[in-house]
>>> print(open('structure.csv').read())   # CSV, C-alpha atoms and all ligand atoms
chain,number,residue,atom,x,y,z
A,1,MET,CA,-14.5,14.8,23.8
A,2,ALA,CA,-13.4,16.0,20.3
A,3,ARG,CA,-13.3,13.4,17.6
A,4,ARG,CA,-9.9,11.8,17.0
A,5,GLN,CA,-8.1,13.3,14.0
A,6,PHE,CA,-8.7,11.1,11.0
A,7,PHE,CA,-5.7,9.3,9.5
A,8,VAL,CA,-5.3,8.2,5.9
A,9,GLY,CA,-2.3,6.2,4.8
A,10,GLY,CA,-1.4,5.3,1.2
A,11,ASN,CA,0.6,2.1,0.8
A,12,TRP,CA,2.2,2.2,-2.6
A,13,LYS,CA,3.8,-1.2,-2.1
A,14,SER,CA,6.4,-2.3,-4.6
A,15,ASN,CA,4.9,-0.1,-7.3
A,16,GLY,CA,5.9,2.9,-9.3
A,17,THR,CA,8.5,4.6,-11.4
A,18,GLN,CA,10.1,8.0,-11.0
A,19,ALA,CA,7.6,9.3,-13.5
A,20,SER,CA,4.5,7.8,-11.8
A,21,VAL,CA,5.7,8.9,-8.3
A,22,ARG,CA,6.2,12.4,-9.6
A,23,GLU,CA,2.7,12.4,-11.1
A,24,LEU,CA,1.1,11.0,-7.9
A,25,CYS,CA,2.8,13.6,-5.7
A,26,GLU,CA,2.2,16.6,-8.0
A,27,GLN,CA,-1.1,15.8,-9.6
A,28,VAL,CA,-3.0,13.9,-6.9
A,29,LEU,CA,-1.5,14.7,-3.5
A,30,ASN,CA,-0.3,18.2,-3.8
A,31,SER,CA,-3.5,19.2,-5.5
A,32,THR,CA,-5.9,18.3,-2.6
A,33,SER,CA,-7.7,21.1,-1.0
A,34,ILE,CA,-8.4,19.1,2.2
A,35,ASP,CA,-8.3,20.5,5.7
A,36,PHE,CA,-5.2,18.9,7.3
A,37,SER,CA,-6.4,19.7,10.8
A,38,ARG,CA,-9.1,17.1,10.2
A,39,VAL,CA,-7.0,14.4,8.6
A,40,GLN,CA,-3.4,13.3,8.9
A,41,VAL,CA,-2.0,12.0,5.6
A,42,VAL,CA,1.0,9.7,5.3
A,43,VAL,CA,2.1,8.0,2.1
A,44,ALA,CA,4.5,5.0,1.9
A,45,PRO,CA,6.5,4.8,-1.4
A,46,ALA,CA,8.9,2.0,-2.0
A,47,PHE,CA,12.3,2.5,-0.2
A,48,ILE,CA,14.0,3.6,-3.4
A,49,PHE,CA,11.6,6.5,-3.9
A,50,LEU,CA,11.4,7.8,-0.3
A,51,GLN,CA,13.6,10.8,-0.7
A,52,PHE,CA,12.3,11.6,-4.1
A,53,ALA,CA,8.7,11.6,-2.9
A,54,ARG,CA,9.7,13.7,0.2
A,55,SER,CA,11.3,16.3,-2.1
A,56,LEU,CA,8.1,16.6,-4.1
A,57,LEU,CA,5.4,16.6,-1.5
A,58,ARG,CA,4.0,19.5,0.5
A,59,PRO,CA,5.2,19.4,4.1
A,60,ASN,CA,1.9,18.5,5.6
A,61,ILE,CA,1.9,15.1,3.8
A,62,ALA,CA,4.2,12.7,5.7
A,63,VAL,CA,6.3,10.0,4.0
A,64,SER,CA,6.6,6.6,5.5
A,65,ALA,CA,8.6,3.4,5.0
A,66,GLN,CA,6.7,0.2,4.4
A,67,ASN,CA,8.9,-2.0,6.6
A,68,CYS,CA,12.2,-1.8,8.5
A,69,SER,CA,14.7,-4.6,9.3
A,70,LEU,CA,14.9,-6.2,12.7
A,71,THR,CA,18.6,-5.5,12.7
A,72,GLY,CA,20.3,-2.1,12.8
A,73,SER,CA,23.0,-0.7,10.6
A,74,GLY,CA,25.8,-3.2,9.8
A,75,PRO,CA,26.5,-6.3,7.9
A,76,PHE,CA,23.0,-7.1,6.8
A,77,THR,CA,23.0,-7.1,3.0
A,78,GLY,CA,19.9,-5.8,1.4
A,79,GLU,CA,18.2,-4.7,4.6
A,80,VAL,CA,16.9,-1.2,5.4
A,81,ALA,CA,17.3,-0.4,9.1
A,82,VAL,CA,15.2,2.0,11.2
A,83,GLU,CA,18.3,4.1,11.5
A,84,HIS,CA,18.3,4.7,7.8
A,85,ILE,CA,14.7,5.9,7.9
A,86,VAL,CA,15.5,8.2,10.8
A,87,ASP,CA,18.6,9.5,9.0
A,88,LEU,CA,16.4,10.6,6.0
A,89,GLY,CA,14.4,12.7,8.4
A,90,LEU,CA,11.3,10.6,8.1
A,91,ASN,CA,9.0,9.8,11.0
A,92,TRP,CA,6.9,6.8,10.0
A,93,THR,CA,7.0,3.2,9.1
A,94,ILE,CA,4.3,0.6,8.3
A,95,LEU,CA,5.0,-2.7,10.1
A,96,GLY,CA,3.3,-6.1,10.1
A,97,HIS,CA,1.6,-5.7,6.8
A,98,SER,CA,0.0,-9.1,5.8
A,99,GLU,CA,2.2,-9.3,2.7
A,100,ARG,CA,5.2,-9.1,5.0
A,101,ARG,CA,3.6,-11.7,7.3
A,102,ASN,CA,2.5,-14.1,4.6
A,103,LEU,CA,5.1,-13.7,1.8
A,104,TYR,CA,8.2,-13.1,4.0
A,105,GLY,CA,7.5,-15.1,7.1
A,106,GLU,CA,7.1,-12.3,9.6
A,107,THR,CA,5.5,-13.8,12.7
A,108,ASP,CA,3.6,-12.0,15.5
A,109,ASP,CA,6.9,-12.1,17.4
A,110,ILE,CA,9.0,-10.6,14.7
A,111,VAL,CA,6.4,-7.8,14.1
A,112,SER,CA,6.3,-7.0,17.7
A,113,LYS,CA,10.1,-6.7,17.9
A,114,LYS,CA,10.2,-4.5,14.8
A,115,VAL,CA,7.6,-2.3,16.3
A,116,ASN,CA,9.7,-2.0,19.5
A,117,ARG,CA,12.8,-1.2,17.5
A,118,ALA,CA,11.0,1.5,15.4
A,119,LEU,CA,9.5,3.2,18.5
A,120,ALA,CA,12.8,3.0,20.4
A,121,HIS,CA,14.3,5.1,17.6
A,122,GLY,CA,11.5,7.6,17.6
A,123,LEU,CA,9.5,6.5,14.6
A,124,SER,CA,5.8,6.4,14.6
A,125,VAL,CA,4.3,3.1,13.5
A,126,ILE,CA,1.3,2.0,11.4
A,127,ALA,CA,0.9,-1.5,12.9
A,128,CYS,CA,-1.1,-3.9,10.7
A,129,PHE,CA,-3.0,-7.0,11.6
A,130,GLY,CA,-6.1,-8.9,10.7
A,131,GLU,CA,-7.6,-12.3,10.1
A,132,ASN,CA,-7.5,-14.4,7.0
A,133,LEU,CA,-10.5,-15.8,5.2
A,134,GLN,CA,-10.5,-19.2,6.8
A,135,GLU,CA,-10.3,-17.6,10.3
A,136,ARG,CA,-13.3,-15.3,9.4
A,137,LYS,CA,-15.3,-18.2,8.1
A,138,SER,CA,-14.5,-20.2,11.3
A,139,GLY,CA,-15.9,-17.3,13.4
A,140,ILE,CA,-12.6,-16.7,15.2
A,141,THR,CA,-11.9,-13.2,13.9
A,142,LEU,CA,-12.0,-11.5,17.3
A,143,ASP,CA,-9.8,-14.2,18.9
A,144,VAL,CA,-7.2,-13.8,16.1
A,145,VAL,CA,-7.2,-10.0,16.4
A,146,ALA,CA,-6.9,-10.2,20.2
A,147,ARG,CA,-3.9,-12.6,19.8
A,148,GLN,CA,-2.2,-10.2,17.4
A,149,LEU,CA,-2.8,-7.2,19.6
A,150,ASP,CA,-1.5,-9.1,22.7
A,151,SER,CA,1.7,-9.7,20.8
A,152,LEU,CA,2.0,-6.2,19.4
A,153,LYS,CA,1.5,-4.8,22.9
A,154,LYS,CA,4.7,-6.5,24.0
A,155,GLY,CA,6.7,-4.2,21.7
A,156,ILE,CA,4.8,-1.0,22.2
A,157,ILE,CA,6.6,1.4,24.5
A,158,ASP,CA,4.7,4.6,23.4
A,159,TRP,CA,1.1,4.3,22.4
A,160,ASN,CA,1.1,8.0,21.3
A,161,LYS,CA,3.2,6.9,18.3
A,162,VAL,CA,1.0,4.0,17.1
A,163,VAL,CA,-1.8,3.9,14.6
A,164,LEU,CA,-3.6,0.5,14.5
A,165,ALA,CA,-4.5,-0.7,11.1
A,166,TYR,CA,-7.1,-3.5,11.0
A,167,GLU,CA,-6.6,-5.1,7.6
A,168,PRO,CA,-8.6,-8.4,7.1
A,169,VAL,CA,-6.4,-10.4,4.7
A,170,TRP,CA,-9.3,-11.5,2.6
A,171,ALA,CA,-10.1,-7.8,1.8
A,172,ILE,CA,-6.6,-6.8,0.8
A,173,GLY,CA,-6.3,-6.3,-3.0
A,174,THR,CA,-9.3,-8.4,-3.6
A,175,GLY,CA,-11.9,-5.8,-4.4
A,176,ILE,CA,-14.0,-7.2,-1.5
A,177,ASN,CA,-14.0,-4.7,1.3
A,178,ALA,CA,-15.3,-5.4,4.8
A,179,THR,CA,-18.8,-3.9,5.1
A,180,PRO,CA,-19.0,-0.9,7.3
A,181,GLU,CA,-20.7,-3.1,9.9
A,182,GLN,CA,-18.0,-5.7,9.8
A,183,ALA,CA,-15.3,-3.1,10.1
A,184,GLN,CA,-17.1,-1.3,13.0
A,185,GLU,CA,-17.6,-4.6,14.9
A,186,VAL,CA,-13.9,-5.4,14.9
A,187,HIS,CA,-12.8,-1.7,15.5
A,188,ALA,CA,-15.2,-1.6,18.5
A,189,MET,CA,-13.6,-4.8,19.8
A,190,ILE,CA,-10.1,-3.3,19.3
A,191,ARG,CA,-11.1,-0.2,21.3
A,192,ASN,CA,-12.5,-2.4,24.0
A,193,TRP,CA,-9.3,-4.4,24.1
A,194,LEU,CA,-7.3,-1.2,24.4
A,195,SER,CA,-9.4,-0.1,27.3
A,196,THR,CA,-9.1,-3.4,29.1
A,197,ASN,CA,-5.4,-4.1,28.3
A,198,VAL,CA,-3.8,-0.7,28.1
A,199,SER,CA,-6.0,2.1,29.4
A,200,ALA,CA,-9.2,4.0,28.9
A,201,GLU,CA,-7.2,7.0,27.8
A,202,VAL,CA,-5.3,5.1,25.1
A,203,ALA,CA,-8.5,3.5,23.9
A,204,GLU,CA,-10.1,6.9,23.5
A,205,ARG,CA,-7.1,8.5,21.8
A,206,THR,CA,-5.6,5.7,19.5
A,207,ARG,CA,-6.6,5.9,15.8
A,208,VAL,CA,-7.9,2.5,14.5
A,209,ILE,CA,-7.9,2.6,10.7
A,210,TYR,CA,-9.4,0.1,8.3
A,211,GLY,CA,-7.6,-1.3,5.2
A,212,GLY,CA,-8.8,-3.7,2.5
A,213,SER,CA,-10.1,-2.6,-0.9
A,214,VAL,CA,-11.0,0.9,0.2
A,215,THR,CA,-12.1,3.0,-2.8
A,216,ASP,CA,-13.7,6.3,-3.6
A,217,GLN,CA,-17.0,4.4,-3.8
A,218,ASN,CA,-17.0,2.8,-0.3
A,219,ALA,CA,-14.9,5.3,1.8
A,220,ALA,CA,-17.7,7.5,2.9
A,221,GLN,CA,-19.8,4.7,4.3
A,222,LEU,CA,-16.9,3.1,6.1
A,223,ILE,CA,-15.8,6.4,7.7
A,224,SER,CA,-19.3,7.1,8.9
A,225,LYS,CA,-18.8,4.4,11.6
A,226,ASN,CA,-17.8,5.6,15.0
A,227,ASP,CA,-14.7,3.6,15.5
A,228,VAL,CA,-13.3,3.9,12.0
A,229,ASP,CA,-10.7,6.6,12.2
A,230,GLY,CA,-9.5,6.4,8.7
A,231,PHE,CA,-7.9,4.1,6.2
A,232,LEU,CA,-4.8,2.4,5.0
A,233,VAL,CA,-5.2,2.3,1.2
A,234,GLY,CA,-3.3,0.1,-1.2
A,235,GLY,CA,-4.4,0.0,-4.8
A,236,ALA,CA,-6.6,3.2,-4.8
A,237,SER,CA,-3.7,5.2,-3.3
A,238,LEU,CA,-2.0,4.9,-6.7
A,239,LYS,CA,-4.9,6.6,-8.5
A,240,PRO,CA,-6.6,10.0,-8.6
A,241,ALA,CA,-9.4,8.3,-6.5
A,242,PHE,CA,-7.1,8.7,-3.5
A,243,ARG,CA,-8.0,12.4,-3.5
A,244,VAL,CA,-11.6,11.5,-3.2
A,245,ILE,CA,-10.8,9.2,-0.3
A,246,LEU,CA,-9.0,12.0,1.5
A,247,GLU,CA,-11.9,14.3,0.9
A,248,VAL,CA,-14.4,12.1,2.6
A,249,THR,CA,-12.6,12.8,5.9
A,250,ASN,CA,-13.4,16.5,5.6
A,301,LIG,C1,-3.0,-2.7,1.8
A,301,LIG,O1,-2.1,-3.2,1.1
A,301,LIG,O2,-2.7,-2.2,2.9
A,301,LIG,C2,-4.3,-2.5,1.2
A,301,LIG,C3,-5.3,-2.2,2.1
A,301,LIG,O3,-4.5,-2.8,-0.1
A,301,LIG,P1,-5.8,-2.5,-1.0
A,301,LIG,O4,-6.3,-1.2,-0.6
A,301,LIG,O5,-5.3,-2.6,-2.4
A,301,LIG,O6,-6.7,-3.6,-0.6
>>> encode(input="structure.csv", output="structure tokens")
Amino acid sequence: MARRQFFVGGNWKSNGTQASVRELCEQVLNSTSIDFSRVQVVVAPAFIFLQFARSLLRPNIAVSAQNCSLTGSGPFTGEVAVEHIVDLGLNWTILGHSERRNLYGETDDIVSKKVNRALAHGLSVIACFGENLQERKSGITLDVVARQLDSLKKGIIDWNKVVLAYEPVWAIGTGINATPEQAQEVHAMIRNWLSTNVSAEVAERTRVIYGGSVTDQNAAQLISKNDVDGFLVGGASLKPAFRVILEVTN
């Protein structure tokens, strides 16, 4: 069986200015000479820059939202609905990022409902989950991840449109990445969970990507692991180093 196509997402979070978004798109992303048949590339600017980034980027780099509301269009002040993302002609959203879970109270149940809403409207989803430091230290990482996957599964109506992003909370933005062995252990467990709880075919096909302090220094070692199909990159996706991270998938 051919290897799953690698997948690299750049999560720009609440960062950037028009000038820095232009620079990233033109100087870093459009200047890569990577083979897009080997890697799918999706970047997620802040909502306010979605259209601007789309207008600047080459077509084989997709643009994603970082979140969508649980509600649709209507009297929901300040919310951005799935319908808005679809209307812009975009195909992707990140959901369940740990910053959404921890800073904005998104529970497993809310995340699962958002995933369901996004898929029902035809978006593809980068679904994020992962244990926190205390959970890892207590040795319950695999139980936590299984619980999060059980909940996500309730919302998933089309596995073809889902990329699973394992992002241990203790590794996000800390400069402390999971070792390749730690990442592989959890990714293998995720694939096993897929096989048992969904199907062998979905387990084989679904991209499971790693996120948490990925840099140009550690990307090659992480991607060398069988079940690591790519990355969700935060901080380093705002820098020229992102090009190097894309290149290790080639
Ligand atoms: C993230 O926010 O999804 C992330 C992985 O961040 P960082 O790469 O900065 O750890």
>>> atom_distance(input="structure.csv", atom1="CA of Ser213 in chain A", atom2="CA of Ser124 in chain A")
24.0 Å
>>> closest_residue(input="structure.csv", among="A:Glu99, A:Glu185, A:Asp87, A:Asp108", to="ligand LIG 301 (chain A)", atoms="all atoms listed in the file")
A:Glu99
>>> residues_around(input="structure.csv", residues="Asn15 in chain A", least_positions_apart="2", cutoff="7 Å", atoms="only C-alpha atoms", output="CSV table (one decimal) with C-alpha atoms, in the frame of the given file")
chain,number,residue,atom,x,y,z
A,12,TRP,CA,2.2,2.2,-2.6
A,13,LYS,CA,3.8,-1.2,-2.1
A,46,ALA,CA,8.9,2.0,-2.0
>>> closest_residue(input="structure.csv", among="A:Thr206, A:Thr215, A:Ser199, A:Ser37", to="Ile172 in chain A", atoms="only C-alpha atoms")
A:Thr215
>>> closest_atom_pairs(input="structure.csv", of="chain A", to="ligand LIG 301 (chain A)", cutoff="6 Å", atoms="all atoms listed in the file", output="tab-separated table")
residue	atom	partner	partner_atom	distance
A:Asn11	CA	A:LIG301	O2	5.8
A:Ala171	CA	A:LIG301	O6	5.9
A:Ile172	CA	A:LIG301	O6	3.5
A:Gly173	CA	A:LIG301	O6	3.6
A:Gly211	CA	A:LIG301	C3	4.0
A:Gly212	CA	A:LIG301	O6	3.7
A:Ser213	CA	A:LIG301	O6	3.6
A:Val214	CA	A:LIG301	O4	5.2
A:Leu232	CA	A:LIG301	C3	5.5
A:Val233	CA	A:LIG301	O4	4.1
A:Gly234	CA	A:LIG301	O4	3.3
A:Gly235	CA	A:LIG301	O5	3.7
>>> atom_distance(input="structure.csv", atom1="CA of Asp229 in chain A", atom2="CA of Tyr210 in chain A")
7.7 Å
>>> closest_atom_pairs(input="structure.csv", of="range 108-215 of chain A", to="range 61-68 of chain A", cutoff="12 Å", atoms="only C-alpha atoms", output="tab-separated table")
residue	atom	partner	partner_atom	distance
A:Ile110	CA	A:Cys68	CA	11.2
A:Val111	CA	A:Asn67	CA	9.8
A:Lys113	CA	A:Cys68	CA	10.8
A:Lys114	CA	A:Cys68	CA	7.1
A:Val115	CA	A:Cys68	CA	9.1
A:Asn116	CA	A:Cys68	CA	11.3
A:Arg117	CA	A:Cys68	CA	9.0
A:Ala118	CA	A:Cys68	CA	7.7
A:Leu119	CA	A:Cys68	CA	11.5
A:His121	CA	A:Cys68	CA	11.6
A:Leu123	CA	A:Ser64	CA	9.6
A:Ser124	CA	A:Ser64	CA	9.1
A:Val125	CA	A:Ser64	CA	9.0
A:Ile126	CA	A:Gln66	CA	9.0
A:Ala127	CA	A:Asn67	CA	10.2
A:Cys128	CA	A:Gln66	CA	10.8
>>> write_last_selection(input="structure.csv", atoms="C-alpha atoms", output="PDB file, in the coordinates of the input")
ATOM      1  CA  ILE A 110       9.000 -10.600  14.700  1.00  0.00           C
ATOM      2  CA  VAL A 111       6.400  -7.800  14.100  1.00  0.00           C
ATOM      3  CA  LYS A 113      10.100  -6.700  17.900  1.00  0.00           C
ATOM      4  CA  LYS A 114      10.200  -4.500  14.800  1.00  0.00           C
ATOM      5  CA  VAL A 115       7.600  -2.300  16.300  1.00  0.00           C
ATOM      6  CA  ASN A 116       9.700  -2.000  19.500  1.00  0.00           C
ATOM      7  CA  ARG A 117      12.800  -1.200  17.500  1.00  0.00           C
ATOM      8  CA  ALA A 118      11.000   1.500  15.400  1.00  0.00           C
ATOM      9  CA  LEU A 119       9.500   3.200  18.500  1.00  0.00           C
ATOM     10  CA  HIS A 121      14.300   5.100  17.600  1.00  0.00           C
ATOM     11  CA  LEU A 123       9.500   6.500  14.600  1.00  0.00           C
ATOM     12  CA  SER A 124       5.800   6.400  14.600  1.00  0.00           C
ATOM     13  CA  VAL A 125       4.300   3.100  13.500  1.00  0.00           C
ATOM     14  CA  ILE A 126       1.300   2.000  11.400  1.00  0.00           C
ATOM     15  CA  ALA A 127       0.900  -1.500  12.900  1.00  0.00           C
ATOM     16  CA  CYS A 128      -1.100  -3.900  10.700  1.00  0.00           C
TER      17      CYS A 128
END
>>> atom_distance(input="structure.csv", atom1="CA of Ser69 in chain A", atom2="CA of Ser20 in chain A")
26.5 Å
>>> residues_near_point(input="structure.csv", point="(-3.4, -12.1, 20.3)", cutoff="12 Å", atoms="all atoms listed in the file", output="list in words")
Thr107, Asp108, Asp109, Ser112, Phe129, Gly130, Glu131, Ile140, Thr141, Leu142, Asp143, Val144, Val145, Ala146, Arg147, Gln148, Leu149, Asp150, Ser151, Leu152, Lys153, Lys154, Ile190, Trp193 and Asn197 of chain A
>>> write_last_selection(input="structure.csv", atoms="C-alpha atoms", output="CSV table (one decimal), in the frame of the given file")
chain,number,residue,atom,x,y,z
A,107,THR,CA,5.5,-13.8,12.7
A,108,ASP,CA,3.6,-12.0,15.5
A,109,ASP,CA,6.9,-12.1,17.4
A,112,SER,CA,6.3,-7.0,17.7
A,129,PHE,CA,-3.0,-7.0,11.6
A,130,GLY,CA,-6.1,-8.9,10.7
A,131,GLU,CA,-7.6,-12.3,10.1
A,140,ILE,CA,-12.6,-16.7,15.2
A,141,THR,CA,-11.9,-13.2,13.9
A,142,LEU,CA,-12.0,-11.5,17.3
A,143,ASP,CA,-9.8,-14.2,18.9
A,144,VAL,CA,-7.2,-13.8,16.1
A,145,VAL,CA,-7.2,-10.0,16.4
A,146,ALA,CA,-6.9,-10.2,20.2
A,147,ARG,CA,-3.9,-12.6,19.8
A,148,GLN,CA,-2.2,-10.2,17.4
A,149,LEU,CA,-2.8,-7.2,19.6
A,150,ASP,CA,-1.5,-9.1,22.7
A,151,SER,CA,1.7,-9.7,20.8
A,152,LEU,CA,2.0,-6.2,19.4
A,153,LYS,CA,1.5,-4.8,22.9
A,154,LYS,CA,4.7,-6.5,24.0
A,190,ILE,CA,-10.1,-3.3,19.3
A,193,TRP,CA,-9.3,-4.4,24.1
A,197,ASN,CA,-5.4,-4.1,28.3
>>> residues_around(input="structure.csv", residues="Asn60 in chain A", least_positions_apart="6", cutoff="9 Å", atoms="all atoms listed in the file", output="number ranges by chain")
A: 36, 40-42
>>> residues_around(input="structure.csv", residues="Leu246 in chain A", least_positions_apart="6", cutoff="12 Å", atoms="all atoms listed in the file", output="PyMOL selection string")
chain A and resi 6-10+28-36+38-43+61+214-216+219-220+223+230-233+236-237+240
